[in-house]
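Reproduced below: my_file-v4.cif, with mmCIF, C-alpha atoms.
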data_input
loop_
_atom_site.label_atom_id
_atom_site.label_comp_id
_atom_site.auth_asym_id
_atom_site.auth_seq_id
_atom_site.Cartn_x
_atom_site.Cartn_y
_atom_site.Cartn_z
CA MET A 23 -56.92 -207.63 324.53
CA ALA A 24 -55.85 -207.66 320.94
CA GLN A 25 -53.02 -205.38 320.01
CA THR A 26 -52.57 -203.92 316.62
CA ARG A 27 -49.40 -203.00 314.86
CA LEU A 28 -48.40 -202.27 311.34
CA LYS A 29 -47.19 -205.15 309.26
CA GLU A 30 -45.87 -205.43 305.76
CA GLU A 31 -47.81 -203.31 303.36
CA GLN A 32 -46.84 -205.49 300.51
CA GLY A 33 -49.92 -204.79 298.50
CA ILE A 34 -50.62 -201.11 298.96
CA THR A 35 -49.73 -199.17 295.89
CA LYS A 36 -50.64 -195.73 297.16
CA ARG A 37 -51.30 -195.35 300.82
CA TRP A 38 -52.66 -191.86 301.15
CA VAL A 39 -54.00 -188.73 299.54
CA GLY A 40 -53.79 -185.21 300.92
CA VAL A 41 -55.56 -182.37 299.13
CA TRP A 42 -55.58 -178.68 300.00
CA ALA A 43 -55.14 -177.01 296.63
CA ASP A 44 -58.86 -176.54 296.16
CA THR A 45 -62.18 -176.38 297.93
CA ALA A 46 -64.96 -178.83 297.21
CA ALA A 47 -68.29 -177.08 297.70
CA LEU A 48 -71.25 -179.46 297.84
CA ASP A 49 -74.55 -177.62 297.43
CA PHE A 50 -76.97 -180.28 298.55
CA SER A 51 -79.95 -178.14 297.48
CA SER A 52 -79.07 -179.08 293.92
CA LEU A 53 -77.19 -182.31 294.54
CA GLY A 54 -79.95 -183.85 296.61
CA ALA A 55 -79.71 -186.47 299.30
CA LEU A 56 -77.42 -188.98 297.64
CA ALA A 57 -73.81 -189.44 298.74
CA GLN A 58 -71.41 -187.30 296.73
CA GLU A 59 -67.76 -187.45 295.78
CA ILE A 60 -65.67 -184.85 297.60
CA ASN A 61 -63.63 -183.35 294.80
CA GLY A 62 -62.95 -179.70 294.07
CA GLY A 63 -60.89 -180.49 291.01
CA SER A 64 -57.70 -181.75 292.64
CA GLY A 65 -58.84 -185.29 293.26
CA ASN A 66 -61.30 -187.11 295.44
CA MET A 67 -60.79 -188.84 298.77
CA SER A 68 -59.92 -192.20 297.32
CA VAL A 69 -57.09 -194.71 297.75
CA ASP A 70 -56.57 -197.95 295.81
CA VAL A 71 -55.32 -201.02 297.63
CA THR A 72 -54.26 -204.43 296.42
CA LEU A 73 -54.19 -207.09 299.13
CA MET A 74 -52.08 -210.17 298.50
CA GLU A 75 -53.83 -212.09 301.25
CA THR A 76 -56.71 -211.70 303.65
CA SER A 77 -55.88 -208.62 305.69
CA ASP A 78 -57.04 -206.08 308.21
CA VAL A 79 -57.02 -202.60 306.73
CA LEU A 80 -56.89 -199.44 308.81
CA ILE A 81 -58.49 -196.45 307.11
CA GLU A 82 -58.00 -192.99 308.61
CA TRP A 83 -59.24 -189.69 307.36
CA CYS A 84 -59.30 -186.09 308.41
CA LEU A 85 -60.76 -183.07 306.76
CA GLN A 86 -61.66 -179.47 307.25
CA HIS A 87 -65.07 -178.14 306.31
CA ASP A 88 -67.43 -175.15 306.39
CA ASN A 89 -71.16 -175.26 306.96
CA SER A 90 -73.40 -172.55 305.49
CA ASN A 91 -76.16 -172.95 308.07
CA ASN A 92 -77.38 -175.21 310.85
CA TYR A 93 -77.02 -178.32 308.74
CA GLY A 94 -74.05 -180.18 307.42
CA ALA A 95 -73.03 -183.59 306.18
CA HIS A 96 -72.60 -187.20 307.09
CA LEU A 97 -69.50 -188.94 305.86
CA LEU A 98 -69.63 -192.39 304.34
CA LEU A 99 -66.77 -194.83 303.87
CA TYR A 100 -66.90 -197.06 300.82
CA ARG A 101 -64.99 -200.15 299.84
CA GLY A 102 -65.67 -200.34 296.14
CA ALA A 103 -69.40 -199.83 295.68
CA SER A 104 -70.23 -200.92 299.23
CA ASN A 105 -70.87 -198.41 302.00
CA ILE A 106 -69.09 -200.15 304.87
CA PHE A 107 -69.26 -197.41 307.51
CA SER A 108 -71.26 -194.22 308.03
CA ILE A 109 -70.21 -191.47 310.37
CA THR A 110 -73.42 -189.72 311.19
CA SER A 111 -73.09 -185.96 311.53
CA GLN A 112 -69.31 -185.93 311.33
CA CYS A 113 -69.62 -182.58 309.54
CA LEU A 114 -72.76 -181.24 311.25
CA HIS A 115 -72.28 -178.50 313.83
CA SER A 116 -75.75 -176.92 314.14
CA GLN A 117 -74.32 -173.56 313.20
CA ALA A 118 -72.56 -171.83 310.36
CA ILE A 119 -68.92 -172.36 311.13
CA ASN A 120 -65.80 -172.54 309.04
CA ASN A 121 -62.65 -174.60 308.88
CA VAL A 122 -63.62 -177.20 311.40
CA MET A 123 -61.26 -180.15 311.54
CA THR A 124 -62.55 -183.63 312.07
CA LYS A 125 -60.89 -187.03 312.05
CA PHE A 126 -62.04 -190.62 312.26
CA SER A 127 -60.79 -194.11 311.57
CA TYR A 128 -62.15 -197.52 310.75
CA LEU A 129 -60.62 -200.98 310.85
CA ASP A 130 -61.85 -203.08 307.97
CA GLU A 131 -61.23 -206.60 309.19
CA ASN A 132 -60.62 -209.81 307.29
CA VAL A 133 -60.75 -208.35 303.84
CA ALA A 134 -60.13 -210.99 301.21
CA ALA A 135 -57.22 -210.72 298.79
CA GLY A 136 -58.00 -208.48 295.87
CA THR A 137 -57.96 -204.91 294.67
CA TYR A 138 -60.18 -202.36 296.35
CA THR A 139 -60.86 -198.65 296.26
CA TYR A 140 -61.51 -197.02 299.61
CA LYS A 141 -63.33 -193.73 299.35
CA ILE A 142 -64.99 -191.13 301.54
CA LYS A 143 -68.19 -189.52 300.31
CA ALA A 144 -70.46 -186.88 301.85
CA GLN A 145 -74.22 -186.87 302.22
CA ALA A 146 -76.56 -184.08 303.37
CA SER A 147 -77.31 -184.26 307.06
CA GLY A 148 -80.64 -182.96 308.35
CA SER A 149 -81.55 -180.92 305.32
CA THR A 150 -80.55 -180.50 301.72
CA SER A 151 -80.72 -176.71 302.12
CA ASN A 152 -77.10 -176.69 303.17
CA THR A 153 -73.85 -176.17 301.33
CA THR A 154 -70.87 -177.85 302.93
CA THR A 155 -67.46 -176.84 301.69
CA PHE A 156 -64.54 -179.17 302.19
CA ASN A 157 -61.11 -177.63 302.37
CA TYR A 158 -58.12 -179.62 303.59
CA ARG A 159 -58.80 -183.35 303.39
CA SER A 160 -56.79 -186.52 303.56
CA LEU A 161 -57.29 -190.26 303.57
CA SER A 162 -54.75 -192.93 304.42
CA VAL A 163 -54.85 -196.72 304.23
CA ARG A 164 -52.52 -199.07 306.08
CA LEU A 165 -52.41 -202.74 306.79
CA VAL A 166 -52.39 -203.98 310.34
CA GLU A 167 -52.12 -207.30 312.04
CA LYS A 168 -53.49 -208.40 315.38
CA GLN A 169 -51.38 -210.21 317.88
CA MET B 109 -42.30 -205.44 296.72
CA SER B 110 -42.41 -202.70 299.31
CA GLN B 111 -42.65 -203.45 302.96
CA THR B 112 -43.86 -201.23 305.74
CA LYS B 113 -43.61 -201.65 309.46
CA LEU B 114 -43.02 -199.52 312.49
CA LYS B 115 -39.41 -198.98 313.41
CA ALA B 116 -39.51 -196.35 316.07
CA GLU B 117 -35.97 -197.13 317.09
CA GLN B 118 -34.78 -195.53 313.90
CA LEU B 119 -36.13 -192.17 314.93
CA SER B 120 -34.04 -189.90 317.04
CA ASP B 121 -35.47 -188.50 320.22
CA PRO B 122 -37.80 -186.81 320.58
CA ILE B 123 -40.33 -188.18 318.12
CA TRP B 124 -43.11 -186.82 320.28
CA TYR B 125 -43.56 -183.24 321.40
CA TYR B 126 -46.44 -182.03 323.47
CA ARG B 127 -47.35 -179.15 325.68
CA SER B 128 -50.37 -179.04 327.94
CA GLY B 129 -51.64 -176.12 329.94
CA VAL B 130 -49.78 -173.51 327.92
CA SER B 131 -51.25 -170.44 326.25
CA THR B 132 -49.35 -168.82 323.44
CA GLN B 133 -51.08 -165.68 322.25
CA HIS B 134 -50.42 -164.25 318.82
CA ASP B 135 -51.71 -160.71 318.40
CA TYR B 136 -51.32 -160.31 314.68
CA SER B 137 -52.07 -156.58 314.81
CA SER B 138 -48.58 -156.24 316.19
CA LEU B 139 -46.97 -159.34 314.70
CA GLY B 140 -48.07 -158.52 311.15
CA THR B 141 -48.64 -160.90 308.27
CA GLY B 142 -45.57 -163.08 308.48
CA GLN B 143 -45.53 -166.65 309.69
CA GLN B 144 -44.73 -167.07 313.36
CA GLU B 145 -43.30 -169.86 315.46
CA ILE B 146 -45.76 -171.30 317.97
CA SER B 147 -43.65 -171.33 321.10
CA ASP B 148 -44.22 -171.99 324.77
CA GLY B 149 -41.42 -169.58 325.55
CA SER B 150 -38.65 -172.16 325.65
CA SER B 151 -39.45 -174.55 322.81
CA ASN B 152 -41.20 -174.42 319.49
CA PHE B 153 -43.96 -176.61 318.12
CA GLN B 154 -41.60 -179.04 316.37
CA ILE B 155 -39.76 -182.34 316.37
CA SER B 156 -36.50 -183.52 314.90
CA VAL B 157 -36.43 -186.82 313.04
CA THR B 158 -33.37 -188.76 311.91
CA LEU B 159 -33.78 -191.48 309.31
CA ASP B 160 -31.01 -193.99 308.79
CA HIS B 161 -32.43 -195.01 305.46
CA ALA B 162 -35.12 -193.84 303.04
CA SER B 163 -38.49 -193.98 304.76
CA ASP B 164 -42.06 -192.84 304.85
CA VAL B 165 -42.80 -190.66 307.86
CA LEU B 166 -46.27 -190.25 309.30
CA ILE B 167 -46.64 -186.85 310.94
CA GLU B 168 -49.63 -186.26 313.20
CA TRP B 169 -50.32 -183.01 315.00
CA GLY B 170 -53.09 -181.27 316.90
CA CYS B 171 -53.64 -178.00 318.73
CA ILE B 172 -56.36 -176.42 320.86
CA HIS B 173 -56.92 -172.78 319.98
CA PHE B 174 -59.32 -169.90 320.17
CA THR B 175 -59.85 -166.70 318.25
CA ASN B 176 -61.29 -163.35 319.26
CA ASN B 177 -63.19 -162.48 316.08
CA THR B 178 -64.18 -163.68 312.64
CA TYR B 179 -60.61 -163.96 311.50
CA GLY B 180 -57.96 -166.34 312.68
CA ALA B 181 -54.83 -167.96 311.39
CA GLY B 182 -53.59 -170.37 308.83
CA GLY B 183 -51.39 -173.27 309.88
CA TYR B 184 -48.31 -174.41 308.00
CA LEU B 185 -46.55 -177.71 308.46
CA TYR B 186 -42.91 -177.47 307.50
CA ARG B 187 -40.24 -179.99 306.74
CA ASP B 188 -37.14 -177.90 307.29
CA SER B 189 -37.77 -174.85 305.07
CA SER B 190 -40.48 -176.43 302.89
CA VAL B 191 -44.22 -176.08 303.50
CA ILE B 192 -45.67 -179.55 303.05
CA GLN B 193 -49.20 -178.96 304.34
CA GLN B 194 -51.28 -175.83 304.86
CA SER B 195 -54.82 -174.69 305.42
CA ASN B 196 -56.92 -172.29 307.52
CA PHE B 197 -56.54 -174.59 310.48
CA PHE B 198 -57.09 -171.85 313.07
CA ARG B 199 -59.81 -169.75 311.48
CA HIS B 200 -63.52 -170.42 312.01
CA GLY B 201 -65.40 -167.37 310.74
CA GLN B 202 -66.47 -166.37 314.22
CA GLU B 203 -65.13 -165.89 317.69
CA ILE B 204 -64.79 -169.32 319.11
CA ALA B 205 -62.94 -170.81 322.05
CA ASN B 206 -61.00 -173.97 322.63
CA TYR B 207 -61.45 -175.65 319.31
CA TYR B 208 -59.26 -178.52 318.21
CA SER B 209 -57.52 -178.65 314.89
CA GLY B 210 -55.30 -181.47 313.81
CA ALA B 211 -54.29 -183.38 310.74
CA PHE B 212 -51.88 -185.97 309.49
CA TYR B 213 -49.42 -186.06 306.65
CA ILE B 214 -47.43 -188.96 305.25
CA ASP B 215 -44.09 -187.69 304.05
CA GLU B 216 -43.22 -190.31 301.50
CA ASN B 217 -39.83 -191.43 300.26
CA ARG B 218 -37.72 -189.29 302.58
CA PRO B 219 -34.03 -189.99 302.04
CA ALA B 220 -31.86 -190.77 305.03
CA GLY B 221 -31.04 -187.66 306.99
CA THR B 222 -32.25 -185.39 309.76
CA TYR B 223 -35.38 -183.33 309.36
CA ILE B 224 -37.25 -180.84 311.49
CA TYR B 225 -41.03 -180.91 311.26
CA LYS B 226 -42.76 -177.89 312.71
CA LEU B 227 -46.02 -175.96 312.79
CA LYS B 228 -46.06 -172.24 312.13
CA ALA B 229 -49.02 -169.89 311.87
CA ALA B 230 -49.89 -166.63 310.16
CA ALA B 231 -52.87 -164.30 310.22
CA SER B 232 -55.65 -165.30 307.83
CA GLY B 233 -57.88 -162.68 306.25
CA SER B 234 -56.85 -159.81 308.50
CA VAL B 235 -54.16 -158.97 310.98
CA ASN B 236 -56.93 -157.59 313.20
CA THR B 237 -57.13 -160.81 315.13
CA VAL B 238 -55.73 -162.55 318.16
CA VAL B 239 -55.28 -166.30 318.19
CA THR B 240 -54.33 -168.16 321.32
CA TYR B 241 -52.69 -171.56 320.90
CA ARG B 242 -53.08 -173.91 323.82
CA SER B 243 -52.35 -177.60 324.32
CA ARG B 244 -50.60 -179.04 321.32
CA PHE B 245 -48.72 -182.08 320.08
CA ILE B 246 -46.77 -183.27 317.09
CA LYS B 247 -45.40 -186.76 316.62
CA ALA B 248 -43.64 -188.80 313.99
CA THR B 249 -44.10 -192.46 313.21
CA LEU B 250 -41.71 -194.13 310.86
CA ILE B 251 -42.97 -196.34 308.09
CA ASP B 252 -40.40 -198.31 306.16
CA ILE B 253 -40.53 -198.40 302.42
#

When written as structure tokens, how does the structure in this file appear?
Amino acid sequence: MAQTRLKEEQGITKRWVGVWADTAALDFSSLGALAQEINGGSGNMSVDVTLMETSDVLIEWCLQHDNSNNYGAHLLLYRGASNIFSITSQCLHSQAINNVMTKFSYLDENVAAGTYTYKIKAQASGSTSNTTTFNYRSLSVRLVEKQ
Amino acid sequence: MSQTKLKAEQLSDPIWYYRSGVSTQHDYSSLGTGQQEISDGSSNFQISVTLDHASDVLIEWGCIHFTNNTYGAGGYLYRDSSVIQQSNFFRHGQEIANYYSGAFYIDENRPAGTYIYKLKAAASGSVNTVVTYRSRFIKATLIDI
């Protein structure tokens, strides 16, 4: 079984963001069904990475959110303009509930050398009649190597 | 060029604190509005970390909790006397049982020294609430600069 450990992060210029100074309220009734930036004014969930060689990149995120009704949001992970991973219903709880924490991770394997922006976006889940409010949120990016 | 790798041996013990099967009840109607330690009676929700050189420290924590009404509590992650992360981690807008809250924080560019990382909590919205904190953990992982 492959084991994973951290290795030199020689190329990562900023390895994480943590935002709790604002709330990002996404009213999907007006925003529609497209994926949206999660930004309440203090910055979005985005980290830039420069890889000096082909690498495996571990992306982890956690956030806290409110749902206004029975619907909620999917979360989508982007590398640049490409949606590389979708977490269906990560922010969908089938009830109005506040301040729910959720966390997930993704290993982006064999990424070629270059500069990339990893970003989390949100998309209406089930219905666009919902407003999902994102409170605390963070995103980190680390390099790993398999042994 | 910065380098990062795990060096757990540079952290003093314990870098990992957990309690399972405990229930710590905070009745804020009697405790008031101030921030409170989350204790199992003999130890607090905290770890001590010693760095022998400047480092980045990944702090991860989680806690099962429940509330008795629409209020709840905010959580505060401290490094010594400084709040480095906070939110309404233990408030859900309704009575709800056994919910998990957890988050991570990367404490960047910490100079060499000894630090205590801990979680505290305070009533959120109203002191007319009871929050019970159950199984919990906090751990530190060192990341070299």

For this session: Taking the file as shown, find all residues satisfying the PyMOL selection byres ((chain A and resi 83) around 10) and write them as a PyMOL selection string.
Result: (chain A and resi 38-40+67+81-82+84-85+99+124-128+141-142+159-163) or (chain B and resi 211-212)

For this session: Compile the contact shell of A:Leu97 as a PyMOL selection string: residues with an atom at most 9 Å away, counting only C-alpha atoms, same-chain residues fewer than 6 positions apart removed.
Result: chain A and resi 57+107-113+142-146

Put a box with edges along x, y and z around all the listed atoms of stretch 87-94 of chain A, pad it by 5 Å on each side, then give me its centre and sizes in Å, one decimal, as AutoDock Vina command-line options.
--center_x -71.2 --center_y -176.4 --center_z 308.2 --size_x 22.3 --size_y 17.6 --size_z 15.4

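The smallest atom-to-atom distance between B:Ser189 and any of B:Gly201, B:Val165, B:Lys226, B:Asn217, using only C-alpha atoms, is found for B:Lys226.
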
Problem set entry | Evaluate the PyMOL selection byres ((chain B and resi 227) around 8) and report residues as a list in words |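 With the PyMOL selection byres ((chain B and resi 227) around 8) on this model, the match is Glu145, Ile146, Phe153, Gln154, Gly183, Tyr184, Leu185, Tyr186, Tyr225, Lys226, Lys228 and Ala229 of chain B.
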
Problem set entry | atom CA of B:Ile214 to atom CA of B:Leu159, straight-line distance in Å | 14.5 Å

For this session: Find the distance between atom CA of B:Asp164 and atom CA of B:Ile251 and write it in Å to one decimal.
Result: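 If I compute the distance from atom CA of B:Asp164 to atom CA of B:Ile251, I get 4.9 Å.
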
For this session: Have a look at atom CA of B:Ser147 and atom CA of B:Ser209 and let me know their distance in Å, one decimal.
Result: 16.9 Å

Exercise. Using only C-alpha atoms, which residues sit within 10 Å of B:Ala205 once same-chain residues fewer than 3 positions away are excluded, as a ChimeraX atom specification?
Worked result: /B:172-176,202,208,239-240

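Close contacts of stretch 123-133 of chain B, defined as residues with an atom at most 8 Å away when counting all atoms listed in the file, with chain neighbours fewer than 2 positions off set aside, comprise Leu119, Ser120, Asp121, Asp135, Ile146, Ser147, Asp148, Phe153, Gln154, Ile155, Ser156, Val157, Val238, Val239, Thr240, Tyr241, Arg242, Ser243, Arg244, Phe245, Ile246, Lys247, Ala248 and Thr249 of chain B.
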
Problem set entry | Top pick for closest residue to B:Ser232, considering B:Asn196, B:Ser190, B:Ser163, B:Gln143 and counting all atoms listed in the file |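 Between B:Asn196, B:Ser190, B:Ser163, B:Gln143, the residue approaching B:Ser232 most closely is B:Asn196.
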
Seminar exercise, completed: In terms of all atoms listed in the file, the residue from A:Asp88, A:Asp78, A:Asp130, A:Asp44 at minimal distance from A:Gly65 is A:Asp44

For this session: Check the smallest atom-to-atom distance from each of B:Cys171, B:Tyr207, B:His161, B:Asn236 to B:Thr141 using all atoms listed in the file, then report the winner.
Result: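 For B:Thr141, the nearest of the candidates is B:Asn236.
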
For this session: Report as a list of chain:residue names the full result of the PyMOL selection byres ((chain B and resi 178) around 7) when it is applied to this structure.
Result: B:Asn177, B:Tyr179, B:Gly180, B:His200, B:Gly201, B:Gln202, B:Glu203

Residues as selected, C-alpha atoms, written as a PDB file, keeping the file's coordinate frame, can you do that?
ATOM      1  CA  ASN B 177     -63.190-162.480 316.080  1.00  0.00           C
ATOM      2  CA  TYR B 179     -60.610-163.960 311.500  1.00  0.00           C
ATOM      3  CA  GLY B 180     -57.960-166.340 312.680  1.00  0.00           C
ATOM      4  CA  HIS B 200     -63.520-170.420 312.010  1.00  0.00           C
ATOM      5  CA  GLY B 201     -65.400-167.370 310.740  1.00  0.00           C
ATOM      6  CA  GLN B 202     -66.470-166.370 314.220  1.00  0.00           C
ATOM      7  CA  GLU B 203     -65.130-165.890 317.690  1.00  0.00           C
TER       8      GLU B 203
END

Problem set entry | Polymer residues at most 9 Å from A:Val133, only C-alpha atoms, same-chain spacing of 3 or more positions, as JSON, numbers by chain | {"A": [73, 75, 76, 77, 78, 79, 130, 136]}

For this session: Could you tell me which of B:Ser195, B:Gln144, B:Ser234, B:Thr222 comes closest to chain A if we count all atoms listed in the file?
Result: B:Ser195

For this session: Can you work out which one of A:Leu114, A:Ala103, A:Leu165, A:Ile60 has the shortest atom-to-atom distance to A:Thr45, counting all atoms listed in the file?
Result: A:Ile60

Problem set entry | Nearby residues, (-61.7, -197.0, 300.5) file frame, 6 Å, all atoms listed in the file, as a VMD selection string | chain A and resid 69 100 to 101 139 to 141

Some atoms are absent from stretch 102-112 of chain A, so rebuild all heavy atoms and return them as a compact mmCIF listing (two decimals), in the frame of the given file.
# COMPACT_ATOMS: atom_id res chain seq x y z
N GLY A 102 -65.03 -200.13 297.43
CA GLY A 102 -65.67 -200.34 296.14
C GLY A 102 -67.03 -199.67 296.12
O GLY A 102 -67.16 -198.50 296.48
N ALA A 103 -68.05 -200.40 295.75
CA ALA A 103 -69.40 -199.83 295.68
C ALA A 103 -70.16 -199.99 297.00
O ALA A 103 -71.29 -199.53 297.11
CB ALA A 103 -70.19 -200.49 294.56
N SER A 104 -69.53 -200.63 297.98
CA SER A 104 -70.23 -200.92 299.23
C SER A 104 -69.96 -199.86 300.29
O SER A 104 -68.80 -199.53 300.57
CB SER A 104 -69.78 -202.28 299.78
OG SER A 104 -70.05 -203.30 298.86
N ASN A 105 -71.00 -199.33 300.87
CA ASN A 105 -70.87 -198.41 302.00
C ASN A 105 -70.66 -199.26 303.25
O ASN A 105 -71.56 -199.93 303.72
CB ASN A 105 -72.15 -197.57 302.12
CG ASN A 105 -72.20 -196.68 303.35
OD1 ASN A 105 -73.27 -196.36 303.81
ND2 ASN A 105 -71.05 -196.29 303.87
N ILE A 106 -69.42 -199.26 303.76
CA ILE A 106 -69.09 -200.15 304.87
C ILE A 106 -69.16 -199.45 306.22
O ILE A 106 -69.13 -200.10 307.26
CB ILE A 106 -67.70 -200.78 304.68
CG1 ILE A 106 -66.59 -199.72 304.59
CG2 ILE A 106 -67.68 -201.67 303.45
CD1 ILE A 106 -65.18 -200.30 304.59
N PHE A 107 -69.23 -198.13 306.23
CA PHE A 107 -69.26 -197.41 307.51
C PHE A 107 -69.82 -196.02 307.26
O PHE A 107 -69.42 -195.37 306.28
CB PHE A 107 -67.84 -197.33 308.08
CG PHE A 107 -67.73 -196.77 309.46
CD1 PHE A 107 -68.57 -197.19 310.49
CD2 PHE A 107 -66.76 -195.81 309.76
CE1 PHE A 107 -68.45 -196.67 311.77
CE2 PHE A 107 -66.63 -195.29 311.04
CZ PHE A 107 -67.48 -195.72 312.05
N SER A 108 -70.70 -195.58 308.13
CA SER A 108 -71.26 -194.22 308.03
C SER A 108 -70.99 -193.48 309.32
O SER A 108 -71.22 -194.02 310.40
CB SER A 108 -72.76 -194.28 307.76
OG SER A 108 -73.02 -194.90 306.52
N ILE A 109 -70.52 -192.28 309.20
CA ILE A 109 -70.21 -191.47 310.37
C ILE A 109 -71.24 -190.36 310.42
O ILE A 109 -71.10 -189.29 309.82
CB ILE A 109 -68.77 -190.90 310.32
CG1 ILE A 109 -67.78 -191.99 309.97
CG2 ILE A 109 -68.43 -190.28 311.68
CD1 ILE A 109 -67.52 -192.18 308.50
N THR A 110 -72.30 -190.64 311.14
CA THR A 110 -73.42 -189.72 311.19
C THR A 110 -72.97 -188.38 311.77
O THR A 110 -72.34 -188.33 312.82
CB THR A 110 -74.55 -190.32 312.04
OG1 THR A 110 -74.92 -191.58 311.48
CG2 THR A 110 -75.75 -189.39 312.09
N SER A 111 -73.30 -187.34 311.05
CA SER A 111 -73.09 -185.96 311.53
C SER A 111 -71.63 -185.61 311.77
O SER A 111 -71.34 -184.70 312.55
CB SER A 111 -73.89 -185.71 312.82
OG SER A 111 -75.26 -185.96 312.61
N GLN A 112 -70.72 -186.29 311.11
CA GLN A 112 -69.31 -185.93 311.33
C GLN A 112 -69.04 -184.49 310.92
O GLN A 112 -68.16 -183.84 311.48
CB GLN A 112 -68.37 -186.88 310.57
CG GLN A 112 -66.91 -186.61 310.92
CD GLN A 112 -65.94 -187.64 310.40
OE1 GLN A 112 -66.32 -188.61 309.76
NE2 GLN A 112 -64.67 -187.45 310.66
